[in-house]
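**Student:** Sharing a structure, written as structure tokens. Questions coming.
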Amino acid sequence: MDHRSPAVHLRHSYAKLPERFYARLDPAGAPDPLLLAWNRPLAEQLGLGGLEEDPDRIARWFGGNERLPGAEGPIALAYAGHQFGNFVPRLGDGRALLLGELKNREDGRYYDIQLKGSGQTPFSRNGDGRAALGPVIREYVVSEAMHRMGIPTTRALAAIRSGEWVRRETALPGGVLTRVAASHIRIGTFEYFAARRDREALKHLLDYAIQRHYPRAAEADVPALAFYRAVVEGQAMLVAQWMAIGFIHGVMNTDNMAISGETIDYGPCAFMDEFDFDKVFSSIDRNGRYAFAAQAGIAQWNLARLADALLPVVDDRQAFETILGGFEKIFRDHYFGEMTRKVGLESMEAGDEDLVMEWLGYLQRNQLDYTLSFRRLAECLARDDANTFGDFEERWKQRLARQSLAGEQIRTRMNAINPLFIPRNHQLERAIDAANQGDMTVFRELLLVLQRPYEEQPRFATYAEPPTEQERVLQTFCGT
Ligand code: AMP
Ligand code: MG
């Protein structure tokens with residue numbers, strides 16, 4: 001085996017921003033790093049192909065023990081944020097470090113390579129800077145599943161067991177996740193500099209964010225407003241996609257909302273089993289601020305905080321309000337666009353939104369599984385005799401009859417966009433419990449199944465099933 005280090009070309013564009021944007025420091029290093037998972041296709045896209053031949057080297061690099069060849073020092077990013085509505089002027093990466101950026105060969109863009117759980121930083125406050133293995137596994141599985149379902153998201157490159165215990169309610173095995181993101185700029189990054197009345201930094205950050213994510217905004221009359229419009233659109237579309245698959249983020253604080261439009265910071269997130277507009281899983285969301293159906297309104301609230309933070313750059317509140325006023329329509333168009341496709345409609349007519357709402361009301365009243373109900377609805381097209389979904393089914397079939405598509409075609413199209421396999425809470429817990437005992441088989445199986453969310457996989461049929469009463473997960477935790 002060739003033990004020379006392969007060439008890795010990390011870019012360090014964020015580290016070229018002014019020093020008050022971050023703190024520079026090395027990770028603590030894992031006492032006994034062990035590679036648990038390596039995302040080979042993603043590694044290849046990032047120019048890290050072939051590394052799998054030396055898992056120990058991967059573990060040392062991404063456990064924070066050794067710097068990647070040629071890399072400059074890692075940085076912890078500064079940011080602020082509104083947590084559950086309350087402003088905290090200094091949060092920052094308290095358990096994460098940005099190693100640098102790698103070019104993805106597939107789209108030619110640069111992506112942040114970040115270690116999460118790599119030790120304390122100047123932003124750690126009372127935290128230990130570590131991550132328990134459970135949340136590492138959770139983020140790995142859920143982010144990769146989201147990616148497979150076509151939802152913008154950060155990704156997981158590696159999971160390392162650190163070889164040390166972290167203290168939570170009990171002592172748990174520690175882990176380090178390597179996260180890949182379009183960037184780690186959050187709404188809270190803008191809020192950090194706005195709160196410090198650092199207009200110069202705000203302008204730097206804005207220029208950087210425009211260049212990196214929305215280069216066309218640079219050519220607009222007022223780039224800051226064009227940037228804001230792009231972020232508003234991205235968030236509206238993202239939340240519409242979340243809600244169409246029954247996803248609840250759980251901690252939509254402004255420090256957990258990326259301006260790239262990617263889903264970021266998978267903490268107490270969850271997919272619903274039975275449908276409920278008011279569903280909350282997160283143990284810390286006591287008032288349901290981040291409940292399932294509250295997510296669009298919260299995204300708007302967060303975007304209003306971004307507008308506040310940008311006012312020192314463009315003192316035109318009215319202009320920001322007008323742009324934010326467009327959120328509702330973008331969200332509704334995307335949400336109902338997705339939902340009508342999910343129930344087999346090719347284009348939207350007047351009355352279709354009501355049909356979708358009737359469907360959701362039916363699911364809620366009957367406490368039906370959100371994910372499986374779309375598959376069962378498609379099955380209704382294979383059988384003319386039975387009626388599974390009552391009055392709704394009749395109205396729905398009448399609507400479908402106005403399309404020039406055969407039932408079988410509609411069924412095929414529905415099954416191609418309605419997942420059969422989602423990362424269900426009880427399966428995630430099983431995977432985490434096993435991993436904590438040193439057994440990675442459930443984790444690997446779950447990852448494998450979720451690679452093909454729309455396909456029947458008879459060998460893994462149990463992964464599609466809702467939890468039994470005993471398996472039911474009532475609450476999810478940040479685990480930090
Ligand atoms: P999050 O729960 O990821 O939204 O984190 C909120 C804030 O708490 C961020 O500033 C994190 O860096 C910080 N934080 C979370 N967990 C830890 C930890 N174990 N040690 C230090 N800081 C942490
Ligand atoms: Mg966070």
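By order in the structure tokens, chains are A, B, ...; within a chain, residues start at 1; ligands start at 1, following the order shown.
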Need the shell around Leu202 of chain A: protein/DNA/RNA residues with any atom at most 7 Å away, counting only C-alpha atoms. Skip same-chain ones fewer than 4 positions apart. Format as a VMD selection string?
**Tutor:** chain A and resid 190 193 to 194 198 206
**Student:** Output the selection as a PDB file, in the first residue's frame - all heavy atoms for each residue.
**Tutor:**
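again07.pdb, freshly written:
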ATOM      1  N   PHE A 190     -24.618  37.104   9.952  1.00  0.00           N
ATOM      2  CA  PHE A 190     -24.922  38.521   9.693  1.00  0.00           C
ATOM      3  C   PHE A 190     -25.325  39.223  10.987  1.00  0.00           C
ATOM      4  O   PHE A 190     -24.938  40.363  11.246  1.00  0.00           O
ATOM      5  CB  PHE A 190     -26.020  38.639   8.630  1.00  0.00           C
ATOM      6  CG  PHE A 190     -25.519  38.332   7.240  1.00  0.00           C
ATOM      7  CD1 PHE A 190     -25.555  37.036   6.745  1.00  0.00           C
ATOM      8  CD2 PHE A 190     -24.976  39.333   6.450  1.00  0.00           C
ATOM      9  CE1 PHE A 190     -25.070  36.745   5.467  1.00  0.00           C
ATOM     10  CE2 PHE A 190     -24.485  39.056   5.176  1.00  0.00           C
ATOM     11  CZ  PHE A 190     -24.537  37.749   4.689  1.00  0.00           C
ATOM     12  N   PHE A 193     -22.329  40.472  13.271  1.00  0.00           N
ATOM     13  CA  PHE A 193     -21.668  41.741  12.963  1.00  0.00           C
ATOM     14  C   PHE A 193     -22.619  42.920  13.097  1.00  0.00           C
ATOM     15  O   PHE A 193     -22.206  44.015  13.477  1.00  0.00           O
ATOM     16  CB  PHE A 193     -21.030  41.678  11.576  1.00  0.00           C
ATOM     17  CG  PHE A 193     -19.910  40.672  11.517  1.00  0.00           C
ATOM     18  CD1 PHE A 193     -20.029  39.501  10.770  1.00  0.00           C
ATOM     19  CD2 PHE A 193     -18.744  40.884  12.247  1.00  0.00           C
ATOM     20  CE1 PHE A 193     -19.008  38.572  10.739  1.00  0.00           C
ATOM     21  CE2 PHE A 193     -17.706  39.952  12.229  1.00  0.00           C
ATOM     22  CZ  PHE A 193     -17.840  38.792  11.465  1.00  0.00           C
ATOM     23  N   ALA A 194     -23.893  42.712  12.801  1.00  0.00           N
ATOM     24  CA  ALA A 194     -24.866  43.795  12.958  1.00  0.00           C
ATOM     25  C   ALA A 194     -24.950  44.203  14.420  1.00  0.00           C
ATOM     26  O   ALA A 194     -24.978  45.395  14.744  1.00  0.00           O
ATOM     27  CB  ALA A 194     -26.236  43.354  12.434  1.00  0.00           C
ATOM     28  N   ASP A 198     -20.707  46.574  13.267  1.00  0.00           N
ATOM     29  CA  ASP A 198     -19.499  46.468  12.444  1.00  0.00           C
ATOM     30  C   ASP A 198     -19.919  46.439  10.975  1.00  0.00           C
ATOM     31  O   ASP A 198     -20.014  45.390  10.356  1.00  0.00           O
ATOM     32  CB  ASP A 198     -18.741  45.190  12.851  1.00  0.00           C
ATOM     33  CG  ASP A 198     -17.372  45.086  12.206  1.00  0.00           C
ATOM     34  OD1 ASP A 198     -17.093  45.832  11.230  1.00  0.00           O
ATOM     35  OD2 ASP A 198     -16.573  44.263  12.686  1.00  0.00           O
ATOM     36  N   LEU A 206     -21.197  40.118   3.215  1.00  0.00           N
ATOM     37  CA  LEU A 206     -22.178  40.154   2.130  1.00  0.00           C
ATOM     38  C   LEU A 206     -21.496  39.906   0.779  1.00  0.00           C
ATOM     39  O   LEU A 206     -21.960  39.085  -0.016  1.00  0.00           O
ATOM     40  CB  LEU A 206     -22.897  41.510   2.138  1.00  0.00           C
ATOM     41  CG  LEU A 206     -23.966  41.697   1.073  1.00  0.00           C
ATOM     42  CD1 LEU A 206     -25.098  40.705   1.271  1.00  0.00           C
ATOM     43  CD2 LEU A 206     -24.501  43.136   1.122  1.00  0.00           C
TER      44      LEU A 206
END
**Student:** Within 10 Å of ligand 1 (counting only C-alpha atoms and all ligand atoms), which residues show up? I'd like them as a CSV table (one decimal) with C-alpha atoms, in the first residue's frame.
**Tutor:**
chain,number,residue,atom,x,y,z
A,76,ALA,CA,-14.0,28.2,14.3
A,77,LEU,CA,-16.5,30.6,12.8
A,78,ALA,CA,-18.0,33.5,14.8
A,79,TYR,CA,-21.8,33.9,14.7
A,80,ALA,CA,-24.7,35.0,16.8
A,81,GLY,CA,-28.3,33.9,16.7
A,83,GLN,CA,-32.5,31.0,19.9
A,88,VAL,CA,-27.6,35.7,21.8
A,90,ARG,CA,-22.1,35.4,20.5
A,91,LEU,CA,-22.6,31.7,19.7
A,92,GLY,CA,-20.1,30.6,17.1
A,93,ASP,CA,-18.6,27.2,16.4
A,94,GLY,CA,-18.3,25.8,19.9
A,95,ARG,CA,-17.7,22.2,18.9
A,96,ALA,CA,-16.8,22.5,15.2
A,97,LEU,CA,-13.9,23.5,13.1
A,116,LYS,CA,-18.1,18.6,14.2
A,117,GLY,CA,-17.2,17.3,17.7
A,118,SER,CA,-13.5,18.1,17.4
A,119,GLY,CA,-13.0,19.8,20.8
A,120,GLN,CA,-13.4,23.1,22.6
A,121,THR,CA,-13.0,26.5,20.9
A,122,PRO,CA,-13.1,30.1,22.1
A,123,PHE,CA,-16.9,29.8,21.4
A,124,SER,CA,-17.5,26.8,23.6
A,125,ARG,CA,-18.8,28.7,26.6
A,126,ASN,CA,-19.7,25.8,29.1
A,127,GLY,CA,-19.7,23.1,26.4
A,128,ASP,CA,-17.1,20.4,26.1
A,129,GLY,CA,-16.7,20.8,22.3
A,130,ARG,CA,-17.4,17.2,21.8
A,131,ALA,CA,-20.2,15.2,20.2
A,132,ALA,CA,-21.6,12.0,21.3
A,166,VAL,CA,-18.4,12.2,26.7
A,167,ARG,CA,-20.5,13.2,29.6
A,168,ARG,CA,-24.1,13.8,28.9
A,251,VAL,CA,-34.4,23.9,16.1
A,252,MET,CA,-35.0,26.6,13.5
A,253,ASN,CA,-33.0,29.2,15.4
A,254,THR,CA,-31.4,31.8,13.2
A,255,ASP,CA,-27.9,30.3,13.8
A,256,ASN,CA,-29.2,27.1,12.3
A,257,MET,CA,-30.4,28.5,9.0
A,264,ILE,CA,-28.2,22.4,8.3
A,265,ASP,CA,-27.7,21.4,11.9
A,266,TYR,CA,-29.6,18.2,12.3
A,267,GLY,CA,-30.3,18.1,16.0
A,268,PRO,CA,-33.6,16.9,17.3
A,477,PHE,CA,-32.9,15.5,21.8
A,478,CYS,CA,-30.2,17.8,20.6
A,479,GLY,CA,-27.7,15.6,22.4
A,480,THR,CA,-25.2,18.5,22.8
**Student:** Quick one: pull the distance between atom CA of Glu465 of chain A and atom CA of Pro423 of chain A, Å, one decimal.
**Tutor:**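 Straight-line distance from atom CA of Glu465 of chain A to atom CA of Pro423 of chain A works out to 10.7 Å.
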**Student:** Neighbouring residues of Gln300 of chain A were defined as those with any atom within 10 Å, considering only C-alpha atoms; residues of the same chain fewer than 6 positions away were excluded. Please report them as a PyMOL selection string.
**Tutor:** chain A and resi 232+235-236+306+324-325+327-328
**Student:** Just checking: using only C-alpha atoms and all ligand atoms, which residue out of A:Arg60, A:His82, A:His334, A:His12 ends up closest to ligand 2?
**Tutor:**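 Looking only at the distances to ligand 2, the closest residue turns out to be A:His82.
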**Student:** Would you work out the distance separating atom CA of Pro41 of chain A from atom CA of Arg148 of chain A, expressed in Å to one decimal?
**Tutor:**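 The value is 12.7 Å.
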**Student:** Closest to Glu445 of chain A among A:Ala201, A:Ala15, A:Leu405, A:Val141, using only C-alpha atoms?
**Tutor:**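 For Glu445 of chain A, the nearest of the given residues is A:Val141.
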**Student:** Show me, as a ChimeraX atom specification, the residues that have an atom within 7 Å of Ala244 of chain A when counting only C-alpha atoms, minus same-chain residues fewer than 2 positions from it.
**Tutor:** /A:240-242,246,335,338-339
**Student:** Grab the residues selected above and save them as a PDB file, in the first residue's frame with N, CA and C atoms.
**Tutor:**
ATOM      1  N   ALA A 240     -40.794  24.350   2.024  1.00  0.00           N
ATOM      2  CA  ALA A 240     -41.850  23.656   1.267  1.00  0.00           C
ATOM      3  C   ALA A 240     -41.459  22.196   1.051  1.00  0.00           C
ATOM      4  N   GLN A 241     -40.202  21.973   0.732  1.00  0.00           N
ATOM      5  CA  GLN A 241     -39.752  20.592   0.508  1.00  0.00           C
ATOM      6  C   GLN A 241     -39.750  19.788   1.805  1.00  0.00           C
ATOM      7  N   TRP A 242     -39.317  20.414   2.883  1.00  0.00           N
ATOM      8  CA  TRP A 242     -39.362  19.725   4.188  1.00  0.00           C
ATOM      9  C   TRP A 242     -40.774  19.241   4.471  1.00  0.00           C
ATOM     10  N   GLY A 246     -42.762  15.559   5.249  1.00  0.00           N
ATOM     11  CA  GLY A 246     -43.087  15.320   6.657  1.00  0.00           C
ATOM     12  C   GLY A 246     -41.913  15.496   7.590  1.00  0.00           C
ATOM     13  N   TYR A 335     -45.023  24.448  -2.147  1.00  0.00           N
ATOM     14  CA  TYR A 335     -45.618  23.414  -1.300  1.00  0.00           C
ATOM     15  C   TYR A 335     -46.770  22.723  -2.030  1.00  0.00           C
ATOM     16  N   GLU A 338     -45.587  20.629  -4.927  1.00  0.00           N
ATOM     17  CA  GLU A 338     -45.089  19.313  -4.489  1.00  0.00           C
ATOM     18  C   GLU A 338     -46.243  18.404  -4.091  1.00  0.00           C
ATOM     19  N   MET A 339     -47.159  18.954  -3.315  1.00  0.00           N
ATOM     20  CA  MET A 339     -48.235  18.129  -2.765  1.00  0.00           C
ATOM     21  C   MET A 339     -49.179  17.611  -3.861  1.00  0.00           C
TER      22      MET A 339
END
**Student:** Need to verify the contact set: segment 386-394 of chain A, 10 Å, only C-alpha atoms, exclusion of same-chain residues closer than 4 positions in sequence. Can you return it as a list in words?
**Tutor:**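 Neighbouring residues, sequence-local ones excluded: Leu355, Val356, Glu358, Trp359, Gly361, Tyr362, Leu363, Asn366, Ser373, Arg376, Leu377, Glu379, Cys380, Leu381, Ala382, Gln398, Arg399 and Leu400 of chain A.
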**Student:** Quick one: of A:Leu48, A:Val8, A:Leu172, A:Leu428, who's nearest to Ala270 of chain A, counting only C-alpha atoms?
**Tutor:**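 Of all the options, A:Leu428 lies closest to Ala270 of chain A.
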**Student:** As a ChimeraX atom specification, please: every residue in segment 238-451 of chain A that DSSP puts in strand (DSSP E or B).
**Tutor:** /A:247-248,258,263,270-271,274,282,369
**Student:** Mind the document's chain letters and residue numbers, and return as a PyMOL selection string the residues of segment 135-322 of chain A that DSSP labels helix (DSSP H, G or I).
**Tutor:** chain A and resi 135-148+187-195+199-213+215-219+223-244+254-256+292-310+317-322
